[in-house]
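Student: Pasting coords-v7.txt below, which is compact mmCIF, C-alpha atoms.
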# COMPACT_ATOMS: atom_id res chain seq x y z
CA ASP Y 1 -22.57 -8.73 7.75
CA ASP Y 2 -23.17 -11.65 5.32
CA LEU Y 3 -23.38 -14.60 7.71
CA SER Y 4 -22.73 -17.24 5.04
CA SER Y 5 -19.54 -15.47 3.91
CA LEU Y 6 -18.54 -14.98 7.53
CA LYS Y 7 -18.91 -18.67 8.29
CA LEU Y 8 -16.98 -19.66 5.18
CA LEU Y 9 -14.12 -17.29 5.97
CA ARG Y 10 -14.02 -18.48 9.59
CA ARG Y 11 -13.87 -22.12 8.47
CA VAL Y 12 -11.01 -21.49 6.06
CA VAL Y 13 -8.92 -19.45 8.50
CA GLU Y 14 -9.50 -21.77 11.46
CA LYS Y 15 -8.54 -24.73 9.29
CA ALA Y 16 -5.20 -23.00 8.70
CA GLY Y 17 -4.65 -23.00 12.47
CA TYR Y 18 -5.67 -19.46 13.44
CA GLU Y 19 -8.16 -18.23 16.01
CA VAL Y 20 -10.93 -16.05 14.56
CA LEU Y 21 -12.89 -13.19 16.12
CA SER Y 22 -15.87 -12.00 14.10
CA ALA Y 23 -18.16 -8.98 14.14
CA THR Y 24 -21.17 -7.99 12.04
CA THR Y 25 -20.95 -4.25 12.75
CA GLY Y 26 -18.16 -1.73 12.52
CA GLU Y 27 -18.36 -0.61 16.14
CA LYS Y 28 -18.08 -4.17 17.40
CA ALA Y 29 -15.13 -4.80 15.07
CA LEU Y 30 -13.33 -1.72 16.40
CA ALA Y 31 -13.93 -2.77 20.00
CA LEU Y 32 -12.57 -6.27 19.33
CA ALA Y 33 -9.53 -4.86 17.53
CA ARG Y 34 -8.64 -2.54 20.40
CA ARG Y 35 -9.11 -5.28 23.00
CA PHE Y 36 -7.36 -8.22 21.31
CA GLN Y 37 -5.07 -6.53 18.72
CA PRO Y 38 -5.24 -9.34 16.12
CA ARG Y 39 -2.47 -10.09 13.63
CA VAL Y 40 -4.66 -9.18 10.65
CA ILE Y 41 -8.17 -7.76 10.08
CA ALA Y 42 -10.42 -8.75 7.14
CA LEU Y 43 -12.96 -6.04 6.33
CA ASP Y 44 -16.12 -5.93 4.25
CA VAL Y 45 -16.62 -2.69 2.35
CA MET Y 46 -20.27 -2.33 3.39
CA LEU Y 47 -21.52 -2.94 6.95
CA PRO Y 48 -24.80 -1.86 8.61
CA ASP Y 49 -23.35 1.04 10.64
CA MET Y 50 -20.31 2.17 8.61
CA ASP Y 51 -18.23 1.24 5.58
CA GLY Y 52 -14.93 -0.60 5.65
CA TRP Y 53 -12.91 2.49 4.67
CA THR Y 54 -14.21 4.35 7.75
CA ILE Y 55 -13.25 1.40 9.93
CA MET Y 56 -9.77 1.39 8.42
CA LYS Y 57 -9.35 5.14 9.08
CA ARG Y 58 -10.39 4.70 12.70
CA LEU Y 59 -8.03 1.75 13.13
CA ARG Y 60 -5.20 3.89 11.76
CA SER Y 61 -6.03 6.71 14.17
CA HIS Y 62 -5.36 4.67 17.33
CA ARG Y 63 -1.92 3.68 18.53
CA GLU Y 64 -3.19 0.26 19.66
CA THR Y 65 -4.44 -0.72 16.20
CA GLU Y 66 -2.49 1.39 13.68
CA HIS Y 67 0.02 -1.39 13.02
CA ILE Y 68 -2.52 -4.13 12.19
CA PRO Y 69 -2.67 -5.04 8.46
CA ASN Y 70 -6.12 -4.72 6.83
CA VAL Y 71 -7.45 -7.04 4.12
CA PHE Y 72 -10.55 -6.09 2.14
CA LEU Y 73 -12.86 -8.77 0.82
CA MET Y 74 -13.39 -8.52 -2.93
CA ARG Y 75 -16.35 -9.59 -5.01
CA ARG Y 76 -15.66 -12.62 -7.20
CA ALA Y 77 -16.81 -10.65 -10.26
CA VAL Y 78 -14.10 -8.02 -9.66
CA TYR Y 79 -11.38 -10.62 -9.18
CA GLU Y 80 -12.41 -12.59 -12.27
CA LYS Y 81 -12.38 -9.45 -14.41
CA VAL Y 82 -9.34 -7.53 -13.17
CA GLY Y 83 -7.42 -10.03 -11.01
CA GLY Y 84 -5.81 -9.28 -7.66
CA PHE Y 85 -2.83 -7.16 -6.68
CA ASP Y 86 -0.12 -6.85 -9.32
CA GLU Y 87 2.95 -8.47 -7.78
CA SER Y 88 5.21 -6.53 -10.14
CA TYR Y 89 5.01 -3.63 -7.67
CA ARG Y 90 6.14 -5.73 -4.67
CA MET Y 91 5.96 -2.60 -2.49
CA ALA Y 92 4.24 0.79 -2.90
CA TYR Y 93 1.49 1.78 -5.37
CA SER Y 94 -0.09 -1.69 -5.64
CA GLU Y 95 -2.88 -0.50 -3.33
CA ALA Y 96 -3.66 2.28 -5.83
CA ASP Y 97 -3.25 0.10 -8.92
CA LEU Y 98 -5.98 -2.41 -8.05
CA PRO Y 99 -8.87 0.06 -7.52
CA MET Y 100 -7.81 1.94 -10.65
CA ARG Y 101 -8.04 -1.23 -12.73
CA ALA Y 102 -11.40 -2.05 -11.13
CA HIS Y 103 -12.65 1.46 -11.93
CA ARG Y 104 -11.56 1.14 -15.56
CA ALA Y 105 -13.37 -2.20 -15.77
CA GLY Y 106 -16.65 -0.51 -14.83
CA PHE Y 107 -16.77 -1.13 -11.09
CA ARG Y 108 -17.19 1.60 -8.51
CA ALA Y 109 -13.95 2.26 -6.67
CA MET Y 110 -13.82 4.00 -3.29
CA TYR Y 111 -10.68 5.71 -2.06
CA CYS Y 112 -9.51 6.56 1.46
CA PRO Y 113 -6.94 9.31 0.76
CA LYS Y 114 -6.42 10.38 4.38
CA ALA Y 115 -5.21 8.32 7.29
CA ILE Y 116 -4.06 9.52 10.69
CA THR Y 117 -0.96 7.75 11.94
CA HIS Y 118 1.43 8.16 14.83
CA HIS Y 119 5.11 8.62 14.09
CA ARG Y 120 8.12 8.32 16.31
CA VAL Y 121 9.66 11.75 16.77
CA PRO Y 122 13.47 11.67 16.67
CA PRO Y 123 15.44 13.21 19.53
CA PRO Y 124 16.34 16.91 19.11
CA GLY Y 125 19.17 17.36 16.66
CA LYS Y 126 18.92 13.85 15.20
CA THR Y 127 17.85 13.32 11.59
CA VAL Y 128 16.09 10.07 10.74
CA SER Y 129 15.99 8.64 7.22
CA PRO Y 130 12.54 9.02 5.62
CA PHE Y 131 12.87 5.70 3.78
CA LYS Y 132 13.41 3.32 6.76
CA LEU Y 133 14.57 0.59 4.37
CA PRO Y 134 16.65 0.76 1.17
CA MET Y 135 14.08 -1.56 -0.44
CA ARG Y 136 11.36 0.98 0.31
CA ALA Y 137 13.43 3.74 -1.30
CA TYR Y 138 13.91 1.65 -4.44
CA TYR Y 139 10.30 0.60 -4.98
CA PHE Y 140 8.79 4.01 -4.26
CA ALA Y 141 11.08 5.60 -6.85
CA ARG Y 142 10.59 2.90 -9.49
CA ASN Y 143 6.88 2.26 -8.99
CA ARG Y 144 5.95 5.92 -9.15
CA VAL Y 145 6.89 5.88 -12.85
CA PHE Y 146 5.43 2.40 -13.40
CA TYR Y 147 2.04 3.49 -12.04
CA MET Y 148 1.95 6.79 -13.94
CA LYS Y 149 2.81 5.20 -17.28
CA ARG Y 150 0.11 2.57 -16.78
CA PHE Y 151 -2.73 4.96 -15.98
CA ALA Y 152 -1.89 8.56 -16.94
CA PRO Y 153 -2.82 9.96 -20.38
CA ALA Y 154 0.19 10.41 -22.66
CA ALA Y 155 0.33 14.20 -22.28
CA ARG Y 156 0.08 14.04 -18.50
CA PHE Y 157 2.72 11.34 -18.33
CA ALA Y 158 5.07 13.44 -20.45
CA GLY Y 159 4.52 16.35 -18.06
CA PHE Y 160 5.23 14.05 -15.13
CA LEU Y 161 8.55 12.95 -16.67
CA ALA Y 162 9.53 16.54 -17.47
CA VAL Y 163 8.64 18.13 -14.12
CA PHE Y 164 7.67 15.82 -11.29
CA PHE Y 165 10.05 12.94 -11.95
CA PRO Y 166 13.19 15.12 -11.65
CA PHE Y 167 11.72 16.87 -8.61
CA PHE Y 168 10.95 13.64 -6.75
CA THR Y 169 14.32 12.18 -7.68
CA VAL Y 170 16.28 15.17 -6.37
CA HIS Y 171 14.02 15.63 -3.34
CA GLY Y 172 14.39 12.00 -2.27
CA ALA Y 173 18.14 12.04 -2.84
CA VAL Y 174 18.58 15.18 -0.72
CA ARG Y 175 16.50 13.76 2.14
CA ALA Y 176 18.50 10.53 2.16
CA ALA Y 177 21.80 12.44 1.98
CA VAL Y 178 20.84 14.75 4.84
CA ALA Y 179 19.99 11.68 6.95
CA ARG Y 180 23.30 10.08 5.83
CA ASP Y 181 21.38 7.02 4.72
CA TRP Y 182 23.74 6.03 1.92
CA PRO Y 183 22.21 2.59 1.17
CA ALA Y 184 18.78 4.22 0.77
CA LEU Y 185 20.29 6.97 -1.40
CA ARG Y 186 21.85 4.38 -3.71
CA MET Y 187 18.64 2.38 -4.03
CA HIS Y 188 16.54 5.53 -4.50
CA LEU Y 189 18.70 6.60 -7.43
CA LEU Y 190 18.71 3.07 -8.85
CA GLY Y 191 14.91 2.90 -8.55
CA SER Y 192 14.61 6.27 -10.32
CA TRP Y 193 16.86 5.02 -13.12
CA HIS Y 194 14.88 1.79 -13.51
CA GLY Y 195 11.65 3.80 -13.53
CA LEU Y 196 12.98 6.07 -16.27
CA ARG Y 197 14.18 3.05 -18.25
CA PHE Y 198 10.71 1.55 -18.02
CA ALA Y 199 9.20 4.82 -19.24
CA LEU Y 200 11.47 4.80 -22.30
CA THR Y 201 11.59 1.09 -23.16
CA GLY Y 202 8.58 -0.50 -21.47
CA LYS Y 203 10.88 -3.06 -19.79
CA LEU Y 204 10.33 -3.35 -16.03
CA VAL Y 205 13.44 -4.26 -14.04
CA ASP Y 206 13.42 -5.45 -10.44
CA ALA Y 207 16.75 -4.83 -8.72
CA TYR Y 208 15.93 -6.98 -5.72
CA GLY Y 209 14.68 -9.79 -7.94
CA ALA Y 210 17.99 -9.59 -9.79
CA GLY Y 211 19.93 -9.88 -6.56
CA VAL Y 212 21.07 -6.26 -6.26
CA ARG Y 213 21.53 -5.16 -2.65
CA PRO Y 214 22.55 -1.87 -1.08
Rewrite the structure of this file - the entire thing - as structure tokens.
Tutor:
Amino acid sequence: DDLSSLKLLRRVVEKAGYEVLSATTGEKALALARRFQPRVIALDVMLPDMDGWTIMKRLRSHRETEHIPNVFLMRRAVYEKVGGFDESYRMAYSEADLPMRAHRAGFRAMYCPKAITHHRVPPPGKTVSPFKLPMRAYYFARNRVFYMKRFAPAARFAGFLAVFFPFFTVHGAVRAAVARDWPALRMHLLGSWHGLRFALTGKLVDAYGAGVRP
């Protein structure tokens, strides 16, 4: 709803060769998204009729707009103090890491823990892998430990390693095995191992960056 910021953003994006549709209210933004289905949506956290998190939840609740990536505009003060997304994650948990760092730096962080999405239902009798991609299996397993060690108190992190880490490792392995997704199973176990190694040594390894493939 800040017209000067809106004009600046429009100028930058159009200069890059893209067409821009703009809205100053949440309802108008939702209507435009459903009608035109843009490639990406940039949201402000605060708008006159609703906040950006509510808009994101409503976008995720409609089949026509659930697939569209959302980008939130960030105050310069937040970026200068805590930086942007940590690229060490590459996939999974980076969206939780940034608001946690902002919160620790003294900014107010808002979370949207629930989102309604549509899923393809497999045919009767067919089991579909929960991971979709081996890369996804790897980073979810590794980054779970990376995120917990970064933000959890020592006692809670020790409890996580003793109880939840083995549970998630076995649970993910069983789901991949039942779906007969052997590449995902391999990368899930490798990600769990690299996460445990990071917990013990503080050295973060990236299997895909090192050229490992399923």
Student: Write out as a ChimeraX atom specification the residues lying within 12 Å of Trp182 of chain Y, counting all atoms listed in the file and excluding same-chain residues fewer than 5 positions away.
Tutor: /Y:129,131-134,137,172-177,187-189,214
Student: Could you dump the residues just selected with C-alpha atoms as an mmCIF file, keeping the file's coordinate frame?
Tutor:
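Writing the result to again-v5.cif gives the following:
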data_model
loop_
_atom_site.group_PDB
_atom_site.id
_atom_site.type_symbol
_atom_site.label_atom_id
_atom_site.label_comp_id
_atom_site.auth_asym_id
_atom_site.auth_seq_id
_atom_site.Cartn_x
_atom_site.Cartn_y
_atom_site.Cartn_z
ATOM 1 C CA SER Y 129 15.990 8.640 7.220
ATOM 2 C CA PHE Y 131 12.870 5.700 3.780
ATOM 3 C CA LYS Y 132 13.410 3.320 6.760
ATOM 4 C CA LEU Y 133 14.570 0.590 4.370
ATOM 5 C CA PRO Y 134 16.650 0.760 1.170
ATOM 6 C CA ALA Y 137 13.430 3.740 -1.300
ATOM 7 C CA GLY Y 172 14.390 12.000 -2.270
ATOM 8 C CA ALA Y 173 18.140 12.040 -2.840
ATOM 9 C CA VAL Y 174 18.580 15.180 -0.720
ATOM 10 C CA ARG Y 175 16.500 13.760 2.140
ATOM 11 C CA ALA Y 176 18.500 10.530 2.160
ATOM 12 C CA ALA Y 177 21.800 12.440 1.980
ATOM 13 C CA MET Y 187 18.640 2.380 -4.030
ATOM 14 C CA HIS Y 188 16.540 5.530 -4.500
ATOM 15 C CA LEU Y 189 18.700 6.600 -7.430
ATOM 16 C CA PRO Y 214 22.550 -1.870 -1.080
#
Student: Do you know which residues are at most 9 Å from Asp86 of chain Y counting all atoms listed in the file, after dropping those on the same chain fewer than 4 positions away, and could you put them as a PyMOL selection string?
Tutor: chain Y and resi 90+94+97-98
Student: With distances taken over only C-alpha atoms, which residue among Y:Ala155, Y:Leu21, Y:Phe36, Y:Gly26 lies nearest Leu6 of chain Y?
Tutor: Y:Leu21
Student: Record the distance separating atom CA of Gly202 of chain Y and atom CA of Phe146 of chain Y, expressed in Å with one decimal.
Tutor: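 Distance reported for this atom pair: 9.1 Å.
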Student: State, in Å with one decimal place, the distance from atom CA of Ala92 of chain Y to atom CA of Ala29 of chain Y.
Tutor: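 According to the coordinates, atom CA of Ala92 of chain Y and atom CA of Ala29 of chain Y are separated by 27.0 Å.
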Student: Of the candidates Y:Ser4, Y:Thr25, Y:Gln37, Y:Thr54, which shows the shortest atom-to-atom distance to Ile68 of chain Y, using only C-alpha atoms?
Tutor: Y:Gln37
Student: To one decimal in Å, tell me the separation between atom CA of Arg63 of chain Y and atom CA of Phe140 of chain Y.
Tutor: 25.2 Å
Student: Counting only C-alpha atoms, which residue out of Y:Leu185, Y:Ala199, Y:Val163, Y:Leu190 sits closest to Lys149 of chain Y?
Tutor: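 Closest candidate: Y:Ala199.
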Student: Considering all atoms listed in the file, return as a ChimeraX atom specification whatever protein or nucleic-acid residues lie within 7 Å of Arg34 of chain Y, sequence-local ones (same chain, fewer than 3 positions apart) excluded.
Tutor: /Y:30-31,37,64-65
Student: Between Y:Pro99, Y:Pro183, Y:Gly106, Y:Gly195, which residue has the minimum interatomic distance to Arg142 of chain Y, considering all atoms listed in the file?
Tutor: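 For Arg142 of chain Y, the nearest of the given residues is Y:Gly195.
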Student: Can you pull out the residues contacting Glu27 of chain Y? Cut-off 12 Å, using only C-alpha atoms, and skip same-chain residues under 3 positions away; I want them as a JSON list (two decimals) with C-alpha atoms, in the coordinates of the input.
Tutor:
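And here's part.json as it stands now:
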[["chain", "number", "residue", "atom", "x", "y", "z"],
["Y", 22, "SER", "CA", -15.87, -12.00, 14.10],
["Y", 23, "ALA", "CA", -18.16, -8.98, 14.14],
["Y", 24, "THR", "CA", -21.17, -7.99, 12.04],
["Y", 30, "LEU", "CA", -13.33, -1.72, 16.40],
["Y", 31, "ALA", "CA", -13.93, -2.77, 20.00],
["Y", 32, "LEU", "CA", -12.57, -6.27, 19.33],
["Y", 33, "ALA", "CA", -9.53, -4.86, 17.53],
["Y", 34, "ARG", "CA", -8.64, -2.54, 20.40],
["Y", 47, "LEU", "CA", -21.52, -2.94, 6.95],
["Y", 48, "PRO", "CA", -24.80, -1.86, 8.61],
["Y", 49, "ASP", "CA", -23.35, 1.04, 10.64],
["Y", 50, "MET", "CA", -20.31, 2.17, 8.61],
["Y", 51, "ASP", "CA", -18.23, 1.24, 5.58],
["Y", 52, "GLY", "CA", -14.93, -0.60, 5.65],
["Y", 54, "THR", "CA", -14.21, 4.35, 7.75],
["Y", 55, "ILE", "CA", -13.25, 1.40, 9.93],
["Y", 56, "MET", "CA", -9.77, 1.39, 8.42],
["Y", 58, "ARG", "CA", -10.39, 4.70, 12.70],
["Y", 59, "LEU", "CA", -8.03, 1.75, 13.13]]
Student: Write out as AutoDock Vina command-line options an axis-aligned box for segment 76-89 of chain Y: all of its atoms listed in the file, 4 Å added on each side, centre and edge lengths in Å with one decimal.
Tutor:
--center_x -5.8 --center_y -8.1 --center_z -10.5 --size_x 30.0 --size_y 17.0 --size_z 15.7
Student: Kindly indicate which residue among Y:Arg186, Y:Ala105, Y:Arg60, Y:Met100 lies nearest to Lys81 of chain Y, using only C-alpha atoms for the distances.
Tutor: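 Looking at the shortest contact to Lys81 of chain Y, the residue is Y:Ala105.
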Student: Would you mind listing what lies within 12 Å of Leu200 of chain Y as a list in words, with all atoms listed in the file counted and same-chain residues fewer than 2 positions away left out?
Tutor: Val145, Phe146, Lys149, Phe157, Ala158, Leu161, Trp193, His194, Gly195, Leu196, Arg197, Phe198, Gly202, Lys203 and Leu204 of chain Y
Student: Go through Y:Lys57, Y:Arg144, Y:His67, Y:Arg11 and flag the residue nearest Phe165 of chain Y, using only C-alpha atoms for the distances.
Tutor: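 Distance minimum relative to Phe165 of chain Y lands on Y:Arg144.
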